[in-house]
Amino acid sequence: MARSSVRGDACDVEDAMSTTTADQDASEDGHSRGDGGSGTGDSASGAGGDGSGADDGDGGHRAGHGTDRRRRRRRVLRWSATVLTLVILGGAGAGYLYFQRLNANIKSEDLNLGDAKDRAAETKANAAGQKALNILLIGSDARDSTENQKLGGAKETFNGTPLADVQMLLHVSADRSNMSVVSMPRDTLLDMPKCTDPDDGHVYPARTRAMTNESLGRGGPGCTVATWEKLTDIHIDHFMMIDFAGVVSMADAIGGVPVCVDANVHSHTSDGKGSGLKLRKGTHEIKGEQALQWLRTRYGFEDDTDLARAKAQHMYMNSMVRQLRSEARLSNPNALRRLAEAATKAITVDDGLDSITKMYDLATELQKVPTERITMTTMPNRYVGSRVEPTEDAAKLFRLVREDIALDGKDTGKATPTASPSPTVTDPAAADDEIAVQVHNSTYTDTLGAARGRALAVTQLLVGKGFTQAVADTSPATTEETTVIRYPSADLRADAQRVATALGIPSSQVKKSTDVSGVTLFVGADWRSGSAYEAPEEDNTTPESAQTMNASDTSQCMHVDPDYTW
């Protein structure tokens, strides 16, 4: 969207949001002086105030503007119906000068700190020219300020290396019909790519079996993005990061969000662990520091693990979406302004979101997704000691996201999905006769053994199709249930996809892997004979282990561990 058009809309919003100038200035001055604790207190009273406050703010103009006023108010309400805080930002502007003021609040950093070879290809547009959006939401546990230290506790961690304790991938479908959120537990073990700190040039070498939350301390959020891309092969367009103090100020500005517990709960252990959350059984509206406690609670919910914490975070986010989309609390102009101030001060974004105009453009896309099509999930995992690691179900979940397949199972009759592994205009494949392919016999099964000569047979098939550099691997047969093509780095992705296309192998069976040194075709047990590959019918249902949760479900209530009741 061009700046001029955004500026015009912003002025419309300013007209719709106008109140007595002196009152507006007094409110703004009172808020802008507050930062950290004092500022969030003002935000809470404004955003979460009673209905009379909102009516007083609008009443003076309602009679004067009539139908135009109601139309403008509907516009403000429509913009206030947000998906997470992003949509809030899109509806919070009040004039171009105010945009500039908000722009000055925004902090930005590089999107991806990994090497080009480790990055996922940009998402390809579908037949209608639409592209999916992938946004990584990061919660930092940084204790680098007085406010963050007060909220985070644990004195031994003060001014230490920050950890990405909350990581959620927000995927918006190309046609904007649905949204999927995938949480990754903070103690997930995975391989991290090499990352380079953009400030001092320090190089963090690649690591294996490292905890995912450590990625943030390897140069910044851009390394967390690089780590996600390495694991999922999903191109990430943007990131948004928030710390403890930011969560509190945003939660105050948003106002109370209803959450439910099925018993009295107090998240506190005898040795001082726990978030400190204390609630009675039932539904409560939480905001500010109490909202932060809810989002951090591990001890006291279900099995006292990060998986339970992720579930509680999903419940809060779902409830927030429903709350903001169902009522007019953010039609109050002062509340909207305070929210905009809090949001732009609270978050750090990538350079592609470093202005209100850019956030507005993104927000207009997110608003199109209906609440009932928002699905929260947790990355399928299994325990490895006290940590977790991704399972095969996780690989399937990432494929569904990568191919823009809705996780709620309601993708009937939509346009052809967009898939990251497909070659893009900027990432063309080499000529067929220049693509080196190693073909390996992986047809072995316990009952049938290996199909003799398959590597050579498929190699000859490839040569006949013009892939003259195809070579048969003569090492002993291995086992692959399904034929798969693997490639080691992003620069060979298009080559691998070209081989798959030539053989009729689905793109979902083209995978990035550091276990190979070049494009490698593993002829699996599903292709023991013949020259034509018969692709299996793909299962595009969301794995049960992803623990899906729909944003429109109002029955959600956290189960309390009996050891933490009172």
# chains A, B, ... in the order shown; residues from 1 in each chain; ligands from 1
call {"tool": "select_by_dssp", "arguments": {"residues": "region 255-430 of chain A", "states": "helix (DSSP H, G or I)", "output": "MDAnalysis selection string"}}
result
chainID A and resid 288:296 306:326 329:331 333:346 351:353 356:366 371:373 392:402
call {"tool": "residues_around", "arguments": {"residues": "region 299-306 of chain A", "least_positions_apart": "2", "cutoff": "6 Å", "atoms": "only C-alpha atoms", "output": "list in words"}}
result
Pro185, Ser267, Gly274, Thr297, Ala308, Arg309, His559, Val560, Asp561 and Tyr564 of chain A
call {"tool": "select_by_dssp", "arguments": {"residues": "region 202-440 of chain A", "states": "strand (DSSP E)", "output": "PDB file with N, CA, C and O atoms, in the first residue's frame"}}
result
ATOM      1  N   VAL A 203      31.023 -14.752  14.723  1.00  0.00           N
ATOM      2  CA  VAL A 203      30.413 -15.923  14.079  1.00  0.00           C
ATOM      3  C   VAL A 203      30.171 -17.014  15.116  1.00  0.00           C
ATOM      4  O   VAL A 203      31.097 -17.438  15.815  1.00  0.00           O
ATOM      5  N   TYR A 204      28.929 -17.431  15.200  1.00  0.00           N
ATOM      6  CA  TYR A 204      28.560 -18.548  16.067  1.00  0.00           C
ATOM      7  C   TYR A 204      28.503 -19.800  15.204  1.00  0.00           C
ATOM      8  O   TYR A 204      27.675 -19.885  14.288  1.00  0.00           O
ATOM      9  N   ARG A 207      25.700 -25.831  15.470  1.00  0.00           N
ATOM     10  CA  ARG A 207      25.668 -26.728  16.623  1.00  0.00           C
ATOM     11  C   ARG A 207      24.678 -27.857  16.382  1.00  0.00           C
ATOM     12  O   ARG A 207      23.718 -27.707  15.619  1.00  0.00           O
ATOM     13  N   THR A 208      24.905 -28.974  17.017  1.00  0.00           N
ATOM     14  CA  THR A 208      23.972 -30.089  16.938  1.00  0.00           C
ATOM     15  C   THR A 208      23.394 -30.354  18.315  1.00  0.00           C
ATOM     16  O   THR A 208      24.056 -30.133  19.337  1.00  0.00           O
ATOM     17  N   ARG A 209      22.153 -30.803  18.339  1.00  0.00           N
ATOM     18  CA  ARG A 209      21.472 -31.189  19.574  1.00  0.00           C
ATOM     19  C   ARG A 209      21.536 -30.077  20.621  1.00  0.00           C
ATOM     20  O   ARG A 209      21.840 -30.296  21.787  1.00  0.00           O
ATOM     21  N   ALA A 210      21.231 -28.869  20.206  1.00  0.00           N
ATOM     22  CA  ALA A 210      21.202 -27.726  21.122  1.00  0.00           C
ATOM     23  C   ALA A 210      19.758 -27.370  21.432  1.00  0.00           C
ATOM     24  O   ALA A 210      18.839 -27.667  20.658  1.00  0.00           O
ATOM     25  N   MET A 211      19.528 -26.735  22.591  1.00  0.00           N
ATOM     26  CA  MET A 211      18.183 -26.315  22.954  1.00  0.00           C
ATOM     27  C   MET A 211      17.779 -25.094  22.133  1.00  0.00           C
ATOM     28  O   MET A 211      18.529 -24.133  22.017  1.00  0.00           O
ATOM     29  N   HIS A 238       8.716 -12.553   8.520  1.00  0.00           N
ATOM     30  CA  HIS A 238       8.897 -11.527   9.547  1.00  0.00           C
ATOM     31  C   HIS A 238       9.034 -12.181  10.917  1.00  0.00           C
ATOM     32  O   HIS A 238       8.666 -13.342  11.113  1.00  0.00           O
ATOM     33  N   PHE A 239       9.562 -11.398  11.876  1.00  0.00           N
ATOM     34  CA  PHE A 239       9.492 -11.816  13.270  1.00  0.00           C
ATOM     35  C   PHE A 239       9.041 -10.643  14.123  1.00  0.00           C
ATOM     36  O   PHE A 239       9.189  -9.469  13.743  1.00  0.00           O
ATOM     37  N   MET A 240       8.472 -10.967  15.278  1.00  0.00           N
ATOM     38  CA  MET A 240       8.118  -9.973  16.290  1.00  0.00           C
ATOM     39  C   MET A 240       8.548 -10.543  17.634  1.00  0.00           C
ATOM     40  O   MET A 240       8.222 -11.682  17.960  1.00  0.00           O
ATOM     41  N   MET A 241       9.300  -9.760  18.398  1.00  0.00           N
ATOM     42  CA  MET A 241       9.823 -10.226  19.682  1.00  0.00           C
ATOM     43  C   MET A 241       9.382  -9.291  20.798  1.00  0.00           C
ATOM     44  O   MET A 241       9.331  -8.075  20.624  1.00  0.00           O
ATOM     45  N   ILE A 242       9.088  -9.872  21.961  1.00  0.00           N
ATOM     46  CA  ILE A 242       8.635  -9.102  23.108  1.00  0.00           C
ATOM     47  C   ILE A 242       9.291  -9.656  24.367  1.00  0.00           C
ATOM     48  O   ILE A 242       9.589 -10.853  24.443  1.00  0.00           O
ATOM     49  N   VAL A 257      -8.292 -10.124  29.789  1.00  0.00           N
ATOM     50  CA  VAL A 257      -8.582 -11.244  28.887  1.00  0.00           C
ATOM     51  C   VAL A 257      -9.059 -12.415  29.739  1.00  0.00           C
ATOM     52  O   VAL A 257      -8.365 -12.816  30.674  1.00  0.00           O
ATOM     53  N   PRO A 258     -10.224 -12.974  29.465  1.00  0.00           N
ATOM     54  CA  PRO A 258     -10.740 -14.055  30.308  1.00  0.00           C
ATOM     55  C   PRO A 258      -9.999 -15.377  30.107  1.00  0.00           C
ATOM     56  O   PRO A 258      -9.745 -15.788  28.978  1.00  0.00           O
ATOM     57  N   VAL A 259      -9.625 -16.001  31.221  1.00  0.00           N
ATOM     58  CA  VAL A 259      -9.017 -17.327  31.207  1.00  0.00           C
ATOM     59  C   VAL A 259      -9.704 -18.166  32.269  1.00  0.00           C
ATOM     60  O   VAL A 259     -10.349 -17.644  33.177  1.00  0.00           O
ATOM     61  N   CYS A 260      -9.544 -19.490  32.150  1.00  0.00           N
ATOM     62  CA  CYS A 260     -10.259 -20.392  33.043  1.00  0.00           C
ATOM     63  C   CYS A 260      -9.320 -21.437  33.622  1.00  0.00           C
ATOM     64  O   CYS A 260      -8.433 -21.945  32.922  1.00  0.00           O
ATOM     65  N   VAL A 261      -9.500 -21.762  34.903  1.00  0.00           N
ATOM     66  CA  VAL A 261      -8.811 -22.876  35.549  1.00  0.00           C
ATOM     67  C   VAL A 261      -9.861 -23.758  36.212  1.00  0.00           C
ATOM     68  O   VAL A 261     -10.882 -23.268  36.700  1.00  0.00           O
ATOM     69  N   VAL A 265      -5.496 -22.504  41.894  1.00  0.00           N
ATOM     70  CA  VAL A 265      -4.116 -22.781  41.517  1.00  0.00           C
ATOM     71  C   VAL A 265      -3.183 -21.727  42.097  1.00  0.00           C
ATOM     72  O   VAL A 265      -3.517 -20.543  42.157  1.00  0.00           O
ATOM     73  N   HIS A 266      -2.029 -22.174  42.568  1.00  0.00           N
ATOM     74  CA  HIS A 266      -0.959 -21.273  42.985  1.00  0.00           C
ATOM     75  C   HIS A 266       0.345 -21.854  42.458  1.00  0.00           C
ATOM     76  O   HIS A 266       0.801 -22.904  42.919  1.00  0.00           O
ATOM     77  N   LYS A 278      -1.790 -16.956  41.055  1.00  0.00           N
ATOM     78  CA  LYS A 278      -2.719 -17.459  42.064  1.00  0.00           C
ATOM     79  C   LYS A 278      -4.132 -17.078  41.668  1.00  0.00           C
ATOM     80  O   LYS A 278      -4.478 -15.898  41.614  1.00  0.00           O
ATOM     81  N   LEU A 279      -4.937 -18.080  41.350  1.00  0.00           N
ATOM     82  CA  LEU A 279      -6.304 -17.864  40.909  1.00  0.00           C
ATOM     83  C   LEU A 279      -7.232 -18.866  41.581  1.00  0.00           C
ATOM     84  O   LEU A 279      -6.830 -19.991  41.895  1.00  0.00           O
ATOM     85  N   GLY A 282     -12.413 -21.293  38.194  1.00  0.00           N
ATOM     86  CA  GLY A 282     -13.374 -20.548  37.395  1.00  0.00           C
ATOM     87  C   GLY A 282     -12.717 -19.654  36.372  1.00  0.00           C
ATOM     88  O   GLY A 282     -11.538 -19.817  36.036  1.00  0.00           O
ATOM     89  N   THR A 283     -13.475 -18.681  35.880  1.00  0.00           N
ATOM     90  CA  THR A 283     -13.018 -17.771  34.840  1.00  0.00           C
ATOM     91  C   THR A 283     -12.678 -16.410  35.424  1.00  0.00           C
ATOM     92  O   THR A 283     -13.428 -15.875  36.238  1.00  0.00           O
ATOM     93  N   HIS A 284     -11.537 -15.872  35.002  1.00  0.00           N
ATOM     94  CA  HIS A 284     -11.071 -14.580  35.497  1.00  0.00           C
ATOM     95  C   HIS A 284     -10.544 -13.752  34.337  1.00  0.00           C
ATOM     96  O   HIS A 284      -9.974 -14.292  33.386  1.00  0.00           O
ATOM     97  N   GLU A 285     -10.703 -12.439  34.410  1.00  0.00           N
ATOM     98  CA  GLU A 285     -10.083 -11.547  33.440  1.00  0.00           C
ATOM     99  C   GLU A 285      -8.725 -11.133  33.990  1.00  0.00           C
ATOM    100  O   GLU A 285      -8.635 -10.561  35.079  1.00  0.00           O
ATOM    101  N   ILE A 286      -7.678 -11.436  33.250  1.00  0.00           N
ATOM    102  CA  ILE A 286      -6.329 -11.132  33.705  1.00  0.00           C
ATOM    103  C   ILE A 286      -5.686 -10.108  32.778  1.00  0.00           C
ATOM    104  O   ILE A 286      -5.992 -10.051  31.585  1.00  0.00           O
ATOM    105  N   ILE A 347       7.629  -4.091  21.322  1.00  0.00           N
ATOM    106  CA  ILE A 347       8.094  -5.150  20.438  1.00  0.00           C
ATOM    107  C   ILE A 347       9.339  -4.748  19.652  1.00  0.00           C
ATOM    108  O   ILE A 347       9.599  -3.568  19.410  1.00  0.00           O
ATOM    109  N   THR A 348      10.112  -5.754  19.282  1.00  0.00           N
ATOM    110  CA  THR A 348      11.202  -5.606  18.329  1.00  0.00           C
ATOM    111  C   THR A 348      10.828  -6.410  17.094  1.00  0.00           C
ATOM    112  O   THR A 348      10.357  -7.549  17.219  1.00  0.00           O
ATOM    113  N   VAL A 349      11.009  -5.832  15.919  1.00  0.00           N
ATOM    114  CA  VAL A 349      10.583  -6.485  14.683  1.00  0.00           C
ATOM    115  C   VAL A 349      11.761  -6.562  13.715  1.00  0.00           C
ATOM    116  O   VAL A 349      12.821  -5.979  13.946  1.00  0.00           O
ATOM    117  N   ASP A 350      11.561  -7.279  12.625  1.00  0.00           N
ATOM    118  CA  ASP A 350      12.579  -7.299  11.578  1.00  0.00           C
ATOM    119  C   ASP A 350      12.467  -6.033  10.743  1.00  0.00           C
ATOM    120  O   ASP A 350      11.478  -5.284  10.841  1.00  0.00           O
ATOM    121  N   ILE A 374      -8.846 -20.016  12.906  1.00  0.00           N
ATOM    122  CA  ILE A 374      -7.531 -19.894  13.546  1.00  0.00           C
ATOM    123  C   ILE A 374      -7.278 -21.147  14.371  1.00  0.00           C
ATOM    124  O   ILE A 374      -8.072 -21.492  15.255  1.00  0.00           O
ATOM    125  N   THR A 375      -6.191 -21.846  14.083  1.00  0.00           N
ATOM    126  CA  THR A 375      -5.870 -23.104  14.750  1.00  0.00           C
ATOM    127  C   THR A 375      -4.525 -23.022  15.452  1.00  0.00           C
ATOM    128  O   THR A 375      -3.521 -22.677  14.831  1.00  0.00           O
ATOM    129  N   MET A 376      -4.529 -23.319  16.755  1.00  0.00           N
ATOM    130  CA  MET A 376      -3.292 -23.355  17.537  1.00  0.00           C
ATOM    131  C   MET A 376      -2.812 -24.803  17.647  1.00  0.00           C
ATOM    132  O   MET A 376      -3.613 -25.714  17.858  1.00  0.00           O
ATOM    133  N   THR A 377      -1.505 -25.010  17.518  1.00  0.00           N
ATOM    134  CA  THR A 377      -0.938 -26.350  17.660  1.00  0.00           C
ATOM    135  C   THR A 377       0.391 -26.281  18.397  1.00  0.00           C
ATOM    136  O   THR A 377       1.000 -25.210  18.505  1.00  0.00           O
ATOM    137  N   THR A 378       0.842 -27.425  18.864  1.00  0.00           N
ATOM    138  CA  THR A 378       2.179 -27.563  19.444  1.00  0.00           C
ATOM    139  C   THR A 378       2.952 -28.569  18.605  1.00  0.00           C
ATOM    140  O   THR A 378       2.408 -29.605  18.206  1.00  0.00           O
ATOM    141  N   ASN A 381       6.266 -33.949  19.535  1.00  0.00           N
ATOM    142  CA  ASN A 381       7.597 -34.190  20.091  1.00  0.00           C
ATOM    143  C   ASN A 381       7.591 -35.431  20.958  1.00  0.00           C
ATOM    144  O   ASN A 381       6.535 -35.964  21.315  1.00  0.00           O
ATOM    145  N   ARG A 382       8.777 -35.875  21.315  1.00  0.00           N
ATOM    146  CA  ARG A 382       8.932 -36.971  22.267  1.00  0.00           C
ATOM    147  C   ARG A 382      10.056 -36.611  23.232  1.00  0.00           C
ATOM    148  O   ARG A 382      10.966 -35.836  22.894  1.00  0.00           O
ATOM    149  N   TYR A 383       9.967 -37.177  24.409  1.00  0.00           N
ATOM    150  CA  TYR A 383      10.970 -36.871  25.428  1.00  0.00           C
ATOM    151  C   TYR A 383      12.277 -37.594  25.146  1.00  0.00           C
ATOM    152  O   TYR A 383      12.304 -38.754  24.735  1.00  0.00           O
ATOM    153  N   VAL A 384      13.373 -36.875  25.372  1.00  0.00           N
ATOM    154  CA  VAL A 384      14.723 -37.428  25.358  1.00  0.00           C
ATOM    155  C   VAL A 384      15.337 -36.988  26.673  1.00  0.00           C
ATOM    156  O   VAL A 384      15.850 -35.876  26.798  1.00  0.00           O
ATOM    157  N   ARG A 387      14.501 -33.368  28.034  1.00  0.00           N
ATOM    158  CA  ARG A 387      14.260 -32.502  26.877  1.00  0.00           C
ATOM    159  C   ARG A 387      13.298 -33.185  25.910  1.00  0.00           C
ATOM    160  O   ARG A 387      12.868 -34.311  26.122  1.00  0.00           O
ATOM    161  N   VAL A 388      12.993 -32.487  24.818  1.00  0.00           N
ATOM    162  CA  VAL A 388      12.148 -33.085  23.782  1.00  0.00           C
ATOM    163  C   VAL A 388      12.818 -32.898  22.431  1.00  0.00           C
ATOM    164  O   VAL A 388      13.702 -32.055  22.258  1.00  0.00           O
ATOM    165  N   GLU A 389      12.382 -33.691  21.469  1.00  0.00           N
ATOM    166  CA  GLU A 389      12.866 -33.567  20.097  1.00  0.00           C
ATOM    167  C   GLU A 389      11.691 -33.760  19.142  1.00  0.00           C
ATOM    168  O   GLU A 389      10.693 -34.411  19.490  1.00  0.00           O
ATOM    169  N   PRO A 390      11.762 -33.192  17.931  1.00  0.00           N
ATOM    170  CA  PRO A 390      10.668 -33.337  16.964  1.00  0.00           C
ATOM    171  C   PRO A 390      10.506 -34.798  16.540  1.00  0.00           C
ATOM    172  O   PRO A 390      11.467 -35.555  16.480  1.00  0.00           O
ATOM    173  N   VAL A 437      23.138 -36.136  -9.666  1.00  0.00           N
ATOM    174  CA  VAL A 437      22.203 -36.882  -8.820  1.00  0.00           C
ATOM    175  C   VAL A 437      22.826 -38.225  -8.457  1.00  0.00           C
ATOM    176  O   VAL A 437      23.294 -38.966  -9.329  1.00  0.00           O
ATOM    177  N   GLN A 438      22.827 -38.516  -7.179  1.00  0.00           N
ATOM    178  CA  GLN A 438      23.254 -39.847  -6.733  1.00  0.00           C
ATOM    179  C   GLN A 438      22.000 -40.649  -6.403  1.00  0.00           C
ATOM    180  O   GLN A 438      21.115 -40.158  -5.708  1.00  0.00           O
ATOM    181  N   VAL A 439      21.926 -41.870  -6.912  1.00  0.00           N
ATOM    182  CA  VAL A 439      20.746 -42.715  -6.728  1.00  0.00           C
ATOM    183  C   VAL A 439      21.107 -43.882  -5.821  1.00  0.00           C
ATOM    184  O   VAL A 439      22.073 -44.617  -6.083  1.00  0.00           O
ATOM    185  N   HIS A 440      20.343 -44.036  -4.753  1.00  0.00           N
ATOM    186  CA  HIS A 440      20.635 -45.076  -3.770  1.00  0.00           C
ATOM    187  C   HIS A 440      19.469 -46.059  -3.668  1.00  0.00           C
ATOM    188  O   HIS A 440      18.301 -45.666  -3.668  1.00  0.00           O
TER     189      HIS A 440
END
call {"tool": "closest_residue", "arguments": {"among": "A:Asp351, A:Asp110, A:Asp262, A:Asp393", "to": "Glu544 (chain A)", "atoms": "only C-alpha atoms"}}
result
A:Asp393
call {"tool": "closest_residue", "arguments": {"among": "A:Ser173, A:Asn213, A:Gln100, A:Gln293", "to": "Glu365 (chain A)", "atoms": "only C-alpha atoms"}}
result
A:Ser173
call {"tool": "closest_atom_pairs", "arguments": {"of": "region 115-144 of chain A", "to": "region 226-233 of chain A", "cutoff": "9 Å", "atoms": "only C-alpha atoms", "output": "JSON lines"}}
result
{"residue": "A:Asp115", "atom": "CA", "partner": "A:Ala226", "partner_atom": "CA", "distance": 8.4}
{"residue": "A:Asp118", "atom": "CA", "partner": "A:Lys230", "partner_atom": "CA", "distance": 6.1}
{"residue": "A:Arg119", "atom": "CA", "partner": "A:Glu229", "partner_atom": "CA", "distance": 6.0}
{"residue": "A:Ala120", "atom": "CA", "partner": "A:Asp233", "partner_atom": "CA", "distance": 5.0}
{"residue": "A:Ala121", "atom": "CA", "partner": "A:Asp233", "partner_atom": "CA", "distance": 7.8}
{"residue": "A:Leu136", "atom": "CA", "partner": "A:Trp228", "partner_atom": "CA", "distance": 8.7}
call {"tool": "residues_around", "arguments": {"residues": "Leu292 (chain A)", "least_positions_apart": "4", "cutoff": "7 Å", "atoms": "only C-alpha atoms", "output": "ChimeraX atom specification"}}
result
/A:247-248,288,296
call {"tool": "atom_distance", "arguments": {"atom1": "CA of Arg498 (chain A)", "atom2": "CA of Asp539 (chain A)"}}
result
23.0 Å
call {"tool": "closest_residue", "arguments": {"among": "A:Ala477, A:Leu295, A:Ala125, A:Ala535", "to": "Ala312 (chain A)", "atoms": "only C-alpha atoms"}}
result
A:Leu295
call {"tool": "closest_residue", "arguments": {"among": "A:Glu434, A:Asp141, A:Asp526, A:Asp187", "to": "Asp243 (chain A)", "atoms": "only C-alpha atoms"}}
result
A:Asp141
